[in-house]
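The file work.cif comes next; it holds mmCIF, C-alpha atoms, pLDDT in the B column; chains and numbers go by the auth columns.
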data_run
loop_
_atom_site.group_PDB
_atom_site.id
_atom_site.type_symbol
_atom_site.label_atom_id
_atom_site.label_comp_id
_atom_site.label_asym_id
_atom_site.label_seq_id
_atom_site.Cartn_x
_atom_site.Cartn_y
_atom_site.Cartn_z
_atom_site.B_iso_or_equiv
_atom_site.auth_seq_id
_atom_site.auth_asym_id
ATOM 1 C CA LEU A 1 230.546 211.716 62.298 51.00 12 A
ATOM 2 C CA ALA A 2 232.452 214.930 62.908 54.00 13 A
ATOM 3 C CA ALA A 3 229.200 216.604 63.951 58.00 14 A
ATOM 4 C CA ALA A 4 228.533 213.838 66.470 60.00 15 A
ATOM 5 C CA ALA A 5 232.122 213.916 67.734 63.00 16 A
ATOM 6 C CA GLY A 6 231.879 217.550 68.701 68.00 17 A
ATOM 7 C CA ASP A 7 233.514 219.347 65.785 78.00 18 A
ATOM 8 C CA GLU A 8 231.383 222.501 65.896 85.00 19 A
ATOM 9 C CA ARG A 9 232.315 223.690 62.394 87.00 20 A
ATOM 10 C CA ALA A 10 231.322 220.342 60.904 85.00 21 A
ATOM 11 C CA ARG A 11 228.101 220.327 62.907 84.00 22 A
ATOM 12 C CA THR A 12 227.198 223.827 61.739 89.00 23 A
ATOM 13 C CA ALA A 13 227.940 222.918 58.113 88.00 24 A
ATOM 14 C CA ALA A 14 225.912 219.687 58.389 87.00 25 A
ATOM 15 C CA ALA A 15 222.980 221.515 59.994 90.00 26 A
ATOM 16 C CA SER A 16 223.055 224.097 57.219 92.00 27 A
ATOM 17 C CA LEU A 17 223.005 221.381 54.554 91.00 28 A
ATOM 18 C CA VAL A 18 220.122 219.613 56.293 91.00 29 A
ATOM 19 C CA ARG A 19 218.062 222.813 56.387 93.00 30 A
ATOM 20 C CA GLU A 20 218.878 223.502 52.734 95.00 31 A
ATOM 21 C CA ILE A 21 218.480 220.048 51.168 95.00 32 A
ATOM 22 C CA VAL A 22 216.164 217.901 53.296 95.00 33 A
ATOM 23 C CA PRO A 23 212.938 219.917 52.813 96.00 34 A
ATOM 24 C CA GLY A 24 213.166 219.315 49.061 96.00 35 A
ATOM 25 C CA VAL A 25 213.840 215.619 49.577 95.00 36 A
ATOM 26 C CA LEU A 26 210.857 215.313 51.934 95.00 37 A
ATOM 27 C CA ALA A 27 208.643 217.073 49.357 96.00 38 A
ATOM 28 C CA ASP A 28 209.533 214.433 46.731 96.00 39 A
ATOM 29 C CA PRO A 29 206.965 211.581 46.777 95.00 40 A
ATOM 30 C CA GLY A 30 209.699 209.210 45.582 95.00 41 A
ATOM 31 C CA TYR A 31 211.461 209.516 48.936 95.00 42 A
ATOM 32 C CA HIS A 32 208.412 208.034 50.646 95.00 43 A
ATOM 33 C CA ALA A 33 207.605 205.399 47.979 95.00 44 A
ATOM 34 C CA TRP A 34 209.085 202.544 50.002 94.00 45 A
ATOM 35 C CA LEU A 35 206.218 202.958 52.485 94.00 46 A
ATOM 36 C CA THR A 36 203.881 201.299 49.971 93.00 47 A
ATOM 37 C CA PHE A 37 206.104 198.333 49.123 95.00 48 A
ATOM 38 C CA PRO A 38 205.488 194.857 50.616 94.00 49 A
ATOM 39 C CA THR A 39 207.415 194.182 53.811 93.00 50 A
ATOM 40 C CA ASP A 40 209.281 191.307 52.171 92.00 51 A
ATOM 41 C CA SER A 41 210.483 193.460 49.270 94.00 52 A
ATOM 42 C CA TRP A 42 214.081 194.494 48.808 93.00 53 A
ATOM 43 C CA ARG A 43 213.047 198.159 48.787 94.00 54 A
ATOM 44 C CA PHE A 44 211.215 197.966 52.123 95.00 55 A
ATOM 45 C CA ARG A 45 214.144 196.167 53.767 91.00 56 A
ATOM 46 C CA GLN A 46 216.696 198.617 52.381 91.00 57 A
ATOM 47 C CA ASP A 47 214.841 201.842 53.045 95.00 58 A
ATOM 48 C CA SER A 48 213.062 201.221 56.351 95.00 59 A
ATOM 49 C CA MET A 49 216.077 201.666 58.603 93.00 60 A
ATOM 50 C CA SER A 50 217.595 204.458 56.498 94.00 61 A
ATOM 51 C CA TYR A 51 214.327 206.429 56.588 96.00 62 A
ATOM 52 C CA VAL A 52 214.034 206.208 60.375 96.00 63 A
ATOM 53 C CA ARG A 53 217.747 206.836 60.947 94.00 64 A
ATOM 54 C CA ALA A 54 217.674 209.895 58.657 95.00 65 A
ATOM 55 C CA HIS A 55 214.847 211.319 60.787 96.00 66 A
ATOM 56 C CA VAL A 56 216.926 210.887 63.947 93.00 67 A
ATOM 57 C CA ILE A 57 219.974 212.539 62.376 91.00 68 A
ATOM 58 C CA CYS A 58 217.961 215.429 60.909 92.00 69 A
ATOM 59 C CA ALA A 59 216.294 216.018 64.279 92.00 70 A
ATOM 60 C CA GLU A 60 219.709 216.141 65.962 89.00 71 A
ATOM 61 C CA LEU A 61 220.881 218.658 63.358 89.00 72 A
ATOM 62 C CA GLY A 62 217.905 220.954 63.892 90.00 73 A
ATOM 63 C CA LEU A 63 215.577 220.352 60.959 93.00 74 A
ATOM 64 C CA ASP A 64 212.363 222.363 61.130 95.00 75 A
ATOM 65 C CA PRO A 65 210.076 220.805 63.791 95.00 76 A
ATOM 66 C CA GLY A 66 207.061 221.030 61.472 94.00 77 A
ATOM 67 C CA LEU A 67 208.795 218.922 58.826 95.00 78 A
ATOM 68 C CA LEU A 68 209.961 216.481 61.480 95.00 79 A
ATOM 69 C CA ALA A 69 206.385 216.105 62.778 94.00 80 A
ATOM 70 C CA VAL A 70 205.051 215.225 59.312 94.00 81 A
ATOM 71 C CA TRP A 71 207.944 212.795 58.777 95.00 82 A
ATOM 72 C CA ARG A 72 207.340 211.228 62.196 93.00 83 A
ATOM 73 C CA ARG A 73 203.655 210.665 61.362 92.00 84 A
ATOM 74 C CA ARG A 74 204.727 208.695 58.309 94.00 85 A
ATOM 75 C CA ILE A 75 207.071 206.596 60.463 94.00 86 A
ATOM 76 C CA VAL A 76 204.346 205.984 63.049 91.00 87 A
ATOM 77 C CA GLY A 77 201.992 204.944 60.248 90.00 88 A
ATOM 78 C CA VAL A 78 204.398 202.300 58.952 92.00 89 A
ATOM 79 C CA LEU A 79 205.646 201.176 62.368 91.00 90 A
ATOM 80 C CA PRO A 80 203.443 198.043 62.570 89.00 91 A
ATOM 81 C CA ARG A 81 204.835 196.910 59.199 92.00 92 A
ATOM 82 C CA ILE A 82 208.402 197.588 60.339 93.00 93 A
ATOM 83 C CA TRP A 83 207.784 195.431 63.413 90.00 94 A
ATOM 84 C CA MET A 84 206.358 192.661 61.185 89.00 95 A
ATOM 85 C CA HIS A 85 209.495 192.511 59.078 91.00 96 A
ATOM 86 C CA LEU A 86 211.990 192.536 61.961 90.00 97 A
ATOM 87 C CA GLU A 87 211.979 188.743 62.252 87.00 98 A
ATOM 88 C CA SER A 88 213.616 188.586 58.828 89.00 99 A
ATOM 89 C CA ARG A 89 216.420 190.937 59.851 90.00 100 A
ATOM 90 C CA GLY A 90 219.792 190.119 61.341 87.00 101 A
ATOM 91 C CA ILE A 91 220.785 190.666 64.946 87.00 102 A
ATOM 92 C CA ASP A 92 222.519 194.003 64.292 86.00 103 A
ATOM 93 C CA GLN A 93 219.543 195.393 62.389 90.00 104 A
ATOM 94 C CA LYS A 94 217.087 194.285 65.068 91.00 105 A
ATOM 95 C CA LEU A 95 219.130 195.950 67.801 90.00 106 A
ATOM 96 C CA ASN A 96 219.628 199.077 65.681 91.00 107 A
ATOM 97 C CA PHE A 97 215.883 199.359 65.072 93.00 108 A
ATOM 98 C CA LEU A 98 215.346 199.118 68.824 92.00 109 A
ATOM 99 C CA LYS A 99 217.803 201.976 69.368 92.00 110 A
ATOM 100 C CA LEU A 100 215.970 204.061 66.781 93.00 111 A
ATOM 101 C CA PHE A 101 212.545 203.279 68.290 92.00 112 A
ATOM 102 C CA ARG A 102 213.820 204.351 71.697 91.00 113 A
ATOM 103 C CA SER A 103 215.530 207.449 70.323 91.00 114 A
ATOM 104 C CA LEU A 104 212.300 208.570 68.638 91.00 115 A
ATOM 105 C CA ARG A 105 210.192 207.382 71.582 89.00 116 A
ATOM 106 C CA LEU A 106 208.147 205.155 69.274 89.00 117 A
ATOM 107 C CA TYR A 107 206.605 203.198 72.107 86.00 118 A
ATOM 108 C CA HIS A 108 203.936 203.521 74.740 82.00 119 A
ATOM 109 C CA ASP A 109 204.897 203.544 78.394 80.00 120 A
ATOM 110 C CA PRO A 110 202.021 201.924 80.316 76.00 121 A
ATOM 111 C CA ALA A 111 203.448 203.356 83.511 77.00 122 A
ATOM 112 C CA ALA A 112 202.841 206.881 82.174 71.00 123 A
ATOM 113 C CA SER A 113 200.819 208.783 84.693 46.00 124 A
ATOM 114 C CA SER A 114 198.731 210.897 82.340 45.00 125 A
ATOM 115 C CA ALA A 115 197.489 211.170 78.785 41.00 126 A
ATOM 116 C CA THR A 116 200.198 213.740 78.051 38.00 127 A
ATOM 117 C CA ASP A 117 202.789 211.039 78.668 39.00 128 A
ATOM 118 C CA VAL A 118 201.610 208.985 75.691 41.00 129 A
ATOM 119 C CA VAL A 119 204.364 209.334 73.139 49.00 130 A
ATOM 120 C CA VAL A 120 202.324 210.040 70.008 51.00 131 A
ATOM 121 C CA SER A 121 199.872 212.808 70.773 50.00 132 A
ATOM 122 C CA GLU A 122 196.689 213.533 68.819 47.00 133 A
ATOM 123 C CA ARG A 123 198.400 216.625 67.414 51.00 134 A
ATOM 124 C CA GLU A 124 201.268 214.483 66.074 50.00 135 A
ATOM 125 C CA ARG A 125 199.052 211.860 64.438 49.00 136 A
ATOM 126 C CA GLY A 126 196.397 214.248 63.135 53.00 137 A
ATOM 127 C CA ARG A 127 192.997 215.043 64.553 54.00 138 A
ATOM 128 C CA GLY A 128 190.455 212.265 64.375 53.00 139 A
ATOM 129 C CA GLU A 129 192.971 209.542 63.567 54.00 140 A
ATOM 130 C CA PRO A 130 193.006 206.582 65.940 50.00 141 A
ATOM 131 C CA PRO A 131 196.082 206.161 68.107 54.00 142 A
ATOM 132 C CA PRO A 132 198.693 203.944 66.447 57.00 143 A
ATOM 133 C CA LEU A 133 199.427 200.527 67.853 68.00 144 A
ATOM 134 C CA LEU A 134 202.758 201.325 69.425 79.00 145 A
ATOM 135 C CA PRO A 135 204.778 198.705 71.224 84.00 146 A
ATOM 136 C CA THR A 136 205.076 199.138 74.971 84.00 147 A
ATOM 137 C CA THR A 137 208.336 199.609 76.816 86.00 148 A
ATOM 138 C CA GLU A 138 207.898 195.997 77.948 88.00 149 A
ATOM 139 C CA ASP A 139 207.575 194.888 74.300 87.00 150 A
ATOM 140 C CA LEU A 140 210.861 196.616 73.455 88.00 151 A
ATOM 141 C CA ASP A 141 212.642 195.143 76.467 90.00 152 A
ATOM 142 C CA ALA A 142 211.331 191.620 75.785 90.00 153 A
ATOM 143 C CA PHE A 143 212.278 191.792 72.101 89.00 154 A
ATOM 144 C CA GLU A 144 215.747 193.054 72.982 90.00 155 A
ATOM 145 C CA ALA A 145 216.230 190.227 75.512 90.00 156 A
ATOM 146 C CA VAL A 146 215.220 187.588 72.947 89.00 157 A
ATOM 147 C CA VAL A 147 217.542 189.079 70.323 88.00 158 A
ATOM 148 C CA PHE A 148 220.433 189.334 72.788 86.00 159 A
ATOM 149 C CA GLU A 149 220.069 185.623 73.593 85.00 160 A
ATOM 150 C CA THR A 150 220.963 184.871 69.957 80.00 161 A
ATOM 151 C CA THR A 151 224.190 186.894 69.946 76.00 162 A
ATOM 152 C CA LEU A 152 227.586 185.246 70.030 69.00 163 A
ATOM 153 C CA ILE A 153 228.533 187.500 72.919 68.00 164 A
ATOM 154 C CA ARG A 154 225.745 186.016 75.001 68.00 165 A
ATOM 155 C CA ARG A 155 226.642 182.485 73.929 71.00 166 A
ATOM 156 C CA ARG A 156 230.287 183.176 74.857 70.00 167 A
ATOM 157 C CA VAL A 157 231.802 181.835 71.649 69.00 168 A
ATOM 158 C CA PRO A 158 235.556 181.262 72.084 71.00 169 A
ATOM 159 C CA LEU A 159 237.750 184.061 70.745 67.00 170 A
ATOM 160 C CA GLY A 160 239.412 181.704 68.251 72.00 171 A
ATOM 161 C CA TRP A 161 236.105 181.314 66.411 67.00 172 A
ATOM 162 C CA TYR A 162 236.312 184.948 65.308 65.00 173 A
ATOM 163 C CA MET A 163 239.755 184.375 63.792 67.00 174 A
ATOM 164 C CA LEU A 164 238.631 181.677 61.332 71.00 175 A
ATOM 165 C CA SER A 165 237.684 184.162 58.615 69.00 176 A
ATOM 166 C CA PRO A 166 237.955 187.926 58.004 65.00 177 A
ATOM 167 C CA ASP A 167 234.205 188.477 58.263 64.00 178 A
ATOM 168 C CA ARG A 168 233.735 186.688 61.599 59.00 179 A
ATOM 169 C CA PRO A 169 234.257 189.812 63.788 56.00 180 A
ATOM 170 C CA TYR A 170 231.052 191.178 62.222 56.00 181 A
ATOM 171 C CA ASP A 171 229.108 188.116 63.386 57.00 182 A
ATOM 172 C CA VAL A 172 228.969 189.247 66.995 54.00 183 A
#
Rewrite the structure of this file - the entire thing - as structure tokens.
Amino acid sequence: LAAAAGDERARTAAASLVREIVPGVLADPGYHAWLTFPTDSWRFRQDSMSYVRAHVICAELGLDPGLLAVWRRRIVGVLPRIWMHLESRGIDQKLNFLKLFRSLRLYHDPAASSATDVVVSERERGRGEPPPLLPTTEDLDAFEAVVFETTLIRRRVPLGWYMLSPDRPYDV
């Protein structure tokens, strides 16, 4: 948090820790084990967002681009399964996944004017591998609109409803 808030000393320390620790974590097959679990498993649900979010944070803190590329390929490979399990997630998780997908540009923009505009290049996915089935920008926007319709903010729930129990403010 301090790194994101602009504390340069904290950011430098966090970046140093990422460069020191994360390569070893990424080399451990156990870190990637959740990728093989069924989408309805506890492990898949728990680790899917953390795995993608950790990539975003490590990229922001300057992890080696080569390691990030390998990690990103794993994310792209599991992306269709992540999309499949989103219906079982809560509103916050759905919207957070959308933020992560946009942050990592895990979508295809059909309005892109050239092949170089496609988000996952052949170099990123590996030579000879077919392009992944990435959602389009329209898919992301449509999903976000449907999810937003289910929020209490959109439904304009009276303020008093939130005061009925301590956990209600989290039910936005």
task: Please write the residues picked by the PyMOL selection byres ((chain A and resi 148-151) around 9) on this file as an MDAnalysis selection string.
output: chainID A and resid 109 112:113 118:121 146:147 152:156
Write the residues of the preceding selection, restricted to C-alpha atoms, as a short mmCIF file (atom, residue, chain, number, x, y, z; two decimals), keeping the file's coordinate frame.
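The resulting file, out-v2.cif, is reproduced below:
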data_model
loop_
_atom_site.label_atom_id
_atom_site.label_comp_id
_atom_site.auth_asym_id
_atom_site.auth_seq_id
_atom_site.Cartn_x
_atom_site.Cartn_y
_atom_site.Cartn_z
CA LEU A 109 215.35 199.12 68.82
CA PHE A 112 212.54 203.28 68.29
CA ARG A 113 213.82 204.35 71.70
CA TYR A 118 206.60 203.20 72.11
CA HIS A 119 203.94 203.52 74.74
CA ASP A 120 204.90 203.54 78.39
CA PRO A 121 202.02 201.92 80.32
CA PRO A 146 204.78 198.70 71.22
CA THR A 147 205.08 199.14 74.97
CA ASP A 152 212.64 195.14 76.47
CA ALA A 153 211.33 191.62 75.78
CA PHE A 154 212.28 191.79 72.10
CA GLU A 155 215.75 193.05 72.98
CA ALA A 156 216.23 190.23 75.51
#
Distance query stretch 61-63 of chain A at most 12 Å, all atoms listed in the file, self and fewer than 2 positions along chain excluded, as a compact mmCIF listing (two decimals) with C-alpha atoms, keeping the file's coordinate frame:
# COMPACT_ATOMS: atom_id res chain seq x y z
CA VAL A 36 213.84 215.62 49.58
CA LEU A 37 210.86 215.31 51.93
CA TYR A 42 211.46 209.52 48.94
CA HIS A 43 208.41 208.03 50.65
CA ALA A 44 207.60 205.40 47.98
CA TRP A 45 209.08 202.54 50.00
CA LEU A 46 206.22 202.96 52.48
CA ARG A 54 213.05 198.16 48.79
CA PHE A 55 211.22 197.97 52.12
CA ARG A 56 214.14 196.17 53.77
CA GLN A 57 216.70 198.62 52.38
CA ASP A 58 214.84 201.84 53.04
CA SER A 59 213.06 201.22 56.35
CA ALA A 65 217.67 209.90 58.66
CA HIS A 66 214.85 211.32 60.79
CA VAL A 67 216.93 210.89 63.95
CA ILE A 68 219.97 212.54 62.38
CA CYS A 69 217.96 215.43 60.91
CA ALA A 70 216.29 216.02 64.28
CA LEU A 79 209.96 216.48 61.48
CA TRP A 82 207.94 212.80 58.78
CA ARG A 83 207.34 211.23 62.20
CA ARG A 84 203.66 210.66 61.36
CA ARG A 85 204.73 208.70 58.31
CA ILE A 86 207.07 206.60 60.46
CA VAL A 87 204.35 205.98 63.05
CA VAL A 89 204.40 202.30 58.95
CA LEU A 90 205.65 201.18 62.37
CA ILE A 93 208.40 197.59 60.34
CA GLN A 104 219.54 195.39 62.39
CA ASN A 107 219.63 199.08 65.68
CA PHE A 108 215.88 199.36 65.07
CA LEU A 109 215.35 199.12 68.82
CA LYS A 110 217.80 201.98 69.37
CA LEU A 111 215.97 204.06 66.78
CA PHE A 112 212.54 203.28 68.29
CA ARG A 113 213.82 204.35 71.70
CA SER A 114 215.53 207.45 70.32
CA LEU A 115 212.30 208.57 68.64
CA ARG A 116 210.19 207.38 71.58
CA LEU A 117 208.15 205.16 69.27
message: Considering only C-alpha atoms, can you say which of A:Glu71, A:Ala24, A:Arg100, A:Leu78 comes closest to A:Ala38?
response: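 Checking each of A:Glu71, A:Ala24, A:Arg100, A:Leu78 against A:Ala38, counting only C-alpha atoms, the winner is A:Leu78.
Between atom CA of A:Leu72 and atom CA of A:Trp53 there is a distance of 29.0 Å.
Distances here use all atoms listed in the file; by that measure, the residue among A:Gly41, A:Phe159, A:Glu31, A:Gly88 closest to A:Gly101 is A:Phe159.
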Will you give me stretch 143-161 of chain A, written with N, CA, C and O atoms and laid out as a CSV table (one decimal), in the first residue's frame?
chain,number,residue,atom,x,y,z
A,143,PRO,N,-5.3,-17.7,-28.0
A,143,PRO,CA,-6.3,-18.0,-27.0
A,143,PRO,C,-7.6,-17.3,-27.3
A,143,PRO,O,-7.7,-16.4,-28.1
A,144,LEU,N,-8.7,-17.9,-26.8
A,144,LEU,CA,-10.0,-17.3,-27.0
A,144,LEU,C,-10.1,-16.2,-25.9
A,144,LEU,O,-10.6,-16.4,-24.8
A,145,LEU,N,-9.7,-15.0,-26.3
A,145,LEU,CA,-9.8,-13.9,-25.3
A,145,LEU,C,-11.2,-13.2,-25.5
A,145,LEU,O,-11.7,-13.1,-26.6
A,146,PRO,N,-11.7,-12.7,-24.4
A,146,PRO,CA,-12.9,-11.9,-24.6
A,146,PRO,C,-12.6,-10.6,-25.3
A,146,PRO,O,-11.5,-10.1,-25.3
A,147,THR,N,-13.6,-10.1,-25.9
A,147,THR,CA,-13.5,-8.8,-26.6
A,147,THR,C,-13.7,-7.7,-25.6
A,147,THR,O,-14.3,-7.9,-24.5
A,148,THR,N,-13.4,-6.5,-26.0
A,148,THR,CA,-13.7,-5.3,-25.2
A,148,THR,C,-15.2,-5.2,-25.0
A,148,THR,O,-15.7,-4.8,-23.9
A,149,GLU,N,-16.0,-5.6,-26.0
A,149,GLU,CA,-17.4,-5.6,-25.9
A,149,GLU,C,-17.9,-6.6,-24.9
A,149,GLU,O,-18.8,-6.4,-24.1
A,150,ASP,N,-17.3,-7.8,-24.8
A,150,ASP,CA,-17.6,-8.8,-23.8
A,150,ASP,C,-17.4,-8.2,-22.4
A,150,ASP,O,-18.2,-8.4,-21.5
A,151,LEU,N,-16.2,-7.6,-22.2
A,151,LEU,CA,-15.9,-7.0,-20.9
A,151,LEU,C,-17.0,-6.0,-20.5
A,151,LEU,O,-17.5,-6.0,-19.4
A,152,ASP,N,-17.3,-5.1,-21.4
A,152,ASP,CA,-18.2,-4.0,-21.2
A,152,ASP,C,-19.6,-4.6,-20.9
A,152,ASP,O,-20.3,-4.1,-19.9
A,153,ALA,N,-20.1,-5.6,-21.6
A,153,ALA,CA,-21.4,-6.2,-21.4
A,153,ALA,C,-21.4,-6.9,-20.1
A,153,ALA,O,-22.4,-6.8,-19.4
A,154,PHE,N,-20.4,-7.6,-19.8
A,154,PHE,CA,-20.4,-8.4,-18.5
A,154,PHE,C,-20.4,-7.4,-17.3
A,154,PHE,O,-21.2,-7.5,-16.4
A,155,GLU,N,-19.6,-6.3,-17.4
A,155,GLU,CA,-19.6,-5.3,-16.4
A,155,GLU,C,-21.0,-4.6,-16.2
A,155,GLU,O,-21.4,-4.4,-15.1
A,156,ALA,N,-21.7,-4.4,-17.3
A,156,ALA,CA,-23.0,-3.7,-17.3
A,156,ALA,C,-24.0,-4.7,-16.6
A,156,ALA,O,-24.8,-4.2,-15.7
A,157,VAL,N,-23.9,-6.0,-16.9
A,157,VAL,CA,-24.9,-6.9,-16.3
A,157,VAL,C,-24.6,-7.0,-14.8
A,157,VAL,O,-25.5,-7.0,-14.0
A,158,VAL,N,-23.3,-7.1,-14.4
A,158,VAL,CA,-22.9,-7.2,-13.0
A,158,VAL,C,-23.4,-5.9,-12.3
A,158,VAL,O,-23.9,-6.0,-11.2
A,159,PHE,N,-23.1,-4.7,-12.9
A,159,PHE,CA,-23.5,-3.5,-12.2
A,159,PHE,C,-25.0,-3.4,-11.9
A,159,PHE,O,-25.4,-2.9,-10.9
A,160,GLU,N,-25.8,-4.0,-12.8
A,160,GLU,CA,-27.3,-4.0,-12.6
A,160,GLU,C,-27.7,-4.7,-11.3
A,160,GLU,O,-28.7,-4.4,-10.8
A,161,THR,N,-26.8,-5.6,-10.9
A,161,THR,CA,-27.2,-6.4,-9.7
A,161,THR,C,-26.7,-5.7,-8.4
A,161,THR,O,-27.0,-6.2,-7.3
